[in-house]
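One structure below.
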Amino acid sequence: MSSSISMVGLGNAARALAARALAGGDAVEIVGRDSAKTKDVAAELGGATVGTPGSAPAGDIVVLAVPYAGAAEVVKKYGDALRGKIIVDITNPVTPDLLGFVVPEDSSGAQEIAKAAPADAHVVKAFNTVFSHVLAAGPAEGRPLDVFIAGDDAQAKARVSAFVESLGLRPWDTGALFMARALENVGLLELGLMNHSVKHANFSLGITLLD
């Protein structure tokens with residue numbers, strides 16, 4: 001089943017996700033603050049349409065591919081235009097020194113974003129544990145990349161899982177939205193591995209099922 005995606009952002013993560021979505025047969029709308037750059041990105045991708053910031057997103061699934069610092073503000077600006085939408089938060093709200101988070105200890109980036117969203121929108125955490133260049137490259141050694149998701153609405157998670165599968169990736173439901181904190185810790189763990197032991201970002205974390 002194909003998905004209809006509005007990709008908010010023009011960075012590497014947005015481009016990687018949009019490219020894989022288009023290859024998987026999904027409809028993709030690109031939304032960015034710089035209209036000229038947005039048109040250029042859509043043209044480079046081929047097949048994507050161009051959206052207007054603040055107007056109602058065309059996609060049923062709205063991916064926030066922007067830095068966490070501006071994510072909640074983006075949601076607030078959309079306001080009621082996000083009613084009934086599935087909002088996918090891919091951010092990692094880490095501090096600049098990579099030693100913690102910029103959100104309260106009892107919360108997560110996804111939960112803070114949910115506070116800014118309309119009541120009938122559904123926030124799902126996903127993709128924050130996969131580096132953008134790894135996502136762009138796709139499966140390694142014949143093994144699909146694993147994408148961990150969290151959210152409070154079962155139907156929204158099912159829709160996001162179908163979207164993940166359309167990208168050729170493998171979704172894993174980790175539970176309710178409060179689990180986003182755990183997933184953001186995984187993102188922080190990956191940054192720690194990158195800086196202290198692996199020494200590069202050409203890796204991914206995933207699930208190995210044992211017999």
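Identifiers for the structure tokens are assigned positionally: chains receive A, B, ... in sequence, residues are indexed from 1 per chain, and ligands are indexed from 1 in the order shown.
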
Sorted by chain and rising residue number, list the residues of region 129-155 of chain A at most 12 Å from region 191-194 of chain A (counting only C-alpha atoms), each with its closest atom pair and distance in Å to one decimal, as JSON lines.
{"residue": "A:Thr129", "atom": "CA", "partner": "A:Leu191", "partner_atom": "CA", "distance": 9.8}
{"residue": "A:Val130", "atom": "CA", "partner": "A:Leu191", "partner_atom": "CA", "distance": 11.0}
{"residue": "A:Phe131", "atom": "CA", "partner": "A:Leu191", "partner_atom": "CA", "distance": 9.9}

Could you write those residues out with C-alpha atoms, as an mmCIF file, in the first residue's frame?
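What landed in selection.cif:
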data_model
loop_
_atom_site.group_PDB
_atom_site.id
_atom_site.type_symbol
_atom_site.label_atom_id
_atom_site.label_comp_id
_atom_site.auth_asym_id
_atom_site.auth_seq_id
_atom_site.Cartn_x
_atom_site.Cartn_y
_atom_site.Cartn_z
ATOM 1 C CA THR A 129 18.229 5.783 15.007
ATOM 2 C CA VAL A 130 19.325 5.585 11.348
ATOM 3 C CA PHE A 131 21.982 7.983 10.018
#

Restrict the calculation to only C-alpha atoms, then for each residue of region 40-89 of chain A with any atom at most 7 Å from an atom of region 108-119 of chain A give the closest atom pair and their distance in Å to one decimal, rows by chain and rising residue number, as a tab-separated table.
residue	atom	partner	partner_atom	distance
A:Ala71	CA	A:Ile113	CA	6.9
A:Ala72	CA	A:Ile113	CA	5.0
A:Val75	CA	A:Ala117	CA	5.9
A:Lys76	CA	A:Ala116	CA	5.7
A:Gly79	CA	A:Pro118	CA	6.7
A:Asp80	CA	A:Pro118	CA	6.2
A:Leu82	CA	A:Pro118	CA	6.6
A:Arg83	CA	A:Pro118	CA	5.7
A:Asp89	CA	A:Ala110	CA	6.1

Can you write out as a Markdown table which residues of region 16-107 of chain A fall within 7 Å of region 155-175 of chain A, alongside each residue's closest atom pair and its distance in Å to one decimal, counting only C-alpha atoms and ordering rows by chain and ascending residue number?
| residue | atom | partner | partner_atom | distance |
| --- | --- | --- | --- | --- |
| A:Arg20 | CA | A:Leu167 | CA | 5.4 |
| A:Ala21 | CA | A:Leu167 | CA | 5.7 |
| A:Gly24 | CA | A:Ser166 | CA | 5.2 |
| A:Ile86 | CA | A:Ala156 | CA | 6.3 |

If you keep all heavy atoms, can you produce a file of those selected residues as a CSV table (one decimal), in the first residue's frame?
chain,number,residue,atom,x,y,z
A,20,ARG,N,13.9,7.5,-1.1
A,20,ARG,CA,13.5,6.1,-0.9
A,20,ARG,C,12.0,6.0,-1.1
A,20,ARG,O,11.5,5.0,-1.6
A,20,ARG,CB,14.0,5.6,0.4
A,20,ARG,CG,15.5,5.5,0.6
A,20,ARG,CD,15.9,4.6,1.7
A,20,ARG,NE,15.5,3.2,1.5
A,20,ARG,CZ,16.3,2.4,0.8
A,20,ARG,NH1,17.4,2.7,0.3
A,20,ARG,NH2,15.9,1.1,0.7
A,21,ALA,N,11.2,7.0,-0.6
A,21,ALA,CA,9.8,7.0,-0.7
A,21,ALA,C,9.3,7.0,-2.2
A,21,ALA,O,8.4,6.2,-2.6
A,21,ALA,CB,9.2,8.1,0.1
A,24,GLY,N,9.9,3.7,-3.7
A,24,GLY,CA,8.9,2.8,-3.2
A,24,GLY,C,7.5,3.0,-3.7
A,24,GLY,O,6.6,2.2,-3.3
A,86,ILE,N,-0.8,12.2,10.5
A,86,ILE,CA,0.2,11.5,11.3
A,86,ILE,C,1.5,12.3,11.2
A,86,ILE,O,1.9,12.6,10.1
A,86,ILE,CB,0.4,10.1,10.7
A,86,ILE,CG1,-0.9,9.3,10.8
A,86,ILE,CG2,1.5,9.4,11.4
A,86,ILE,CD1,-0.9,7.9,10.1

From the set A:Thr52, A:Ser6, A:Ser35, A:Asn12, which residue has the shortest atom-to-atom contact distance to Val88 (chain A), counting only C-alpha atoms?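 Of the candidates, the smallest distance to Val88 (chain A) is held by A:Ser6.
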
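Taking CA of Ala180 (chain A) and CA of Gly9 (chain A) as endpoints, the distance between them is 20.8 Å.
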
Å distance separating CA of Ala126 (chain A) from CA of Ala43 (chain A), one decimal place: 26.1 Å

Between CA of Val134 (chain A) and CA of Leu189 (chain A), what is the spacing in Å? 16.3 Å

Which one is closest to Ala18 (chain A): A:Ala65, A:Val147, A:Ala58, A:Ala201? Count only C-alpha atoms.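 Result for the nearest residue to Ala18 (chain A): A:Ala65.
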
Pick the closest to Gly47 (chain A) from A:Val31, A:Ala23, A:Leu98, A:Ala69: which is it, counting only C-alpha atoms?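 When distances to Gly47 (chain A) are compared using only C-alpha atoms, the smallest one comes from A:Ala23.
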
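Near Leu183 (chain A), within 8 Å and counting only C-alpha atoms, sit Asn128, Thr129, Phe148, Met179 and Gly187 of chain A, not including residues fewer than 4 positions from it in the same chain.
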
Would you pick out the contacts of Val94 (chain A) at 9 Å or less, using only C-alpha atoms, so that residues sharing its chain but fewer than 4 positions from it are not included, and give the list as a PDB file with C-alpha atoms, in the first residue's frame?
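New file part_0.pdb:
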ATOM      1  CA  TYR A  68      14.581  19.524  16.939  1.00  0.00           C
ATOM      2  CA  LEU A  98      26.227  15.320  23.190  1.00  0.00           C
ATOM      3  CA  LEU A  99      25.992  14.609  26.927  1.00  0.00           C
ATOM      4  CA  GLY A 100      22.237  14.806  27.377  1.00  0.00           C
ATOM      5  CA  PHE A 101      18.953  16.151  26.094  1.00  0.00           C
ATOM      6  CA  VAL A 102      17.377  19.578  25.763  1.00  0.00           C
ATOM      7  CA  VAL A 103      13.970  18.253  26.883  1.00  0.00           C
ATOM      8  CA  GLU A 184      16.296   9.138  21.619  1.00  0.00           C
ATOM      9  CA  GLY A 187      20.300   7.984  19.034  1.00  0.00           C
ATOM     10  CA  LEU A 188      22.606   9.387  21.711  1.00  0.00           C
TER      11      LEU A 188
END

Could you go through region 14-150 of chain A and tell me which residues DSSP, when run on the backbone, assigns to strand (DSSP E), listing them as a count of residues only? 24

Region 36-160 of chain A: residues DSSP assigns to helix (DSSP H, G or I), reported as a compact mmCIF listing (two decimals) with C-alpha atoms, in the first residue's frame:
# COMPACT_ATOMS: atom_id res chain seq x y z
CA ALA A 36 13.79 28.26 -4.72
CA LYS A 37 15.79 25.59 -2.87
CA THR A 38 12.63 23.56 -2.33
CA LYS A 39 11.98 23.54 -6.07
CA ASP A 40 15.59 22.53 -6.72
CA VAL A 41 15.39 19.62 -4.26
CA ALA A 42 12.09 18.42 -5.75
CA ALA A 43 13.60 18.60 -9.24
CA GLU A 44 16.71 16.69 -8.14
CA LEU A 45 14.57 13.95 -6.63
CA TYR A 68 14.58 19.52 16.94
CA ALA A 69 15.07 23.17 17.98
CA GLY A 70 12.56 24.27 15.36
CA ALA A 71 10.27 21.23 15.16
CA ALA A 72 7.63 22.29 17.70
CA GLU A 73 7.49 25.77 16.17
CA VAL A 74 6.86 24.24 12.73
CA VAL A 75 3.97 22.24 14.19
CA LYS A 76 2.54 25.34 15.86
CA LYS A 77 2.68 27.31 12.61
CA TYR A 78 0.77 24.58 10.78
CA GLY A 79 -1.82 24.57 13.56
CA ASP A 80 -5.16 23.09 12.55
CA ALA A 81 -3.77 22.19 9.11
CA LEU A 82 -2.32 19.13 10.87
CA GLY A 109 11.32 15.34 21.85
CA ALA A 110 8.36 13.51 20.39
CA GLN A 111 6.21 14.13 23.46
CA GLU A 112 7.07 17.83 23.43
CA ILE A 113 6.16 18.00 19.73
CA ALA A 114 2.87 16.23 20.49
CA LYS A 115 2.01 19.00 22.97
CA ALA A 116 2.23 21.51 20.11
CA SER A 132 20.81 9.77 6.87
CA HIS A 133 23.66 8.48 4.68
CA VAL A 134 23.02 4.93 5.89
CA LEU A 135 19.35 5.37 5.06
CA ALA A 136 20.25 6.63 1.60
CA ALA A 137 22.53 3.64 0.97
CA ALA A 154 -2.14 1.83 16.91
CA GLN A 155 -3.56 2.78 13.51
CA ALA A 156 -1.03 5.58 13.08
CA LYS A 157 1.80 3.20 13.91
CA ALA A 158 0.44 0.69 11.42
CA ARG A 159 0.42 3.38 8.72
CA VAL A 160 3.99 4.39 9.55

I need the residue nearest Leu177 (chain A) from this list: A:Val124, A:Val198, A:Ala14, A:Leu209. Use only C-alpha atoms for the distance.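 Using only C-alpha atoms, the shortest distance to Leu177 (chain A) belongs to A:Val124.
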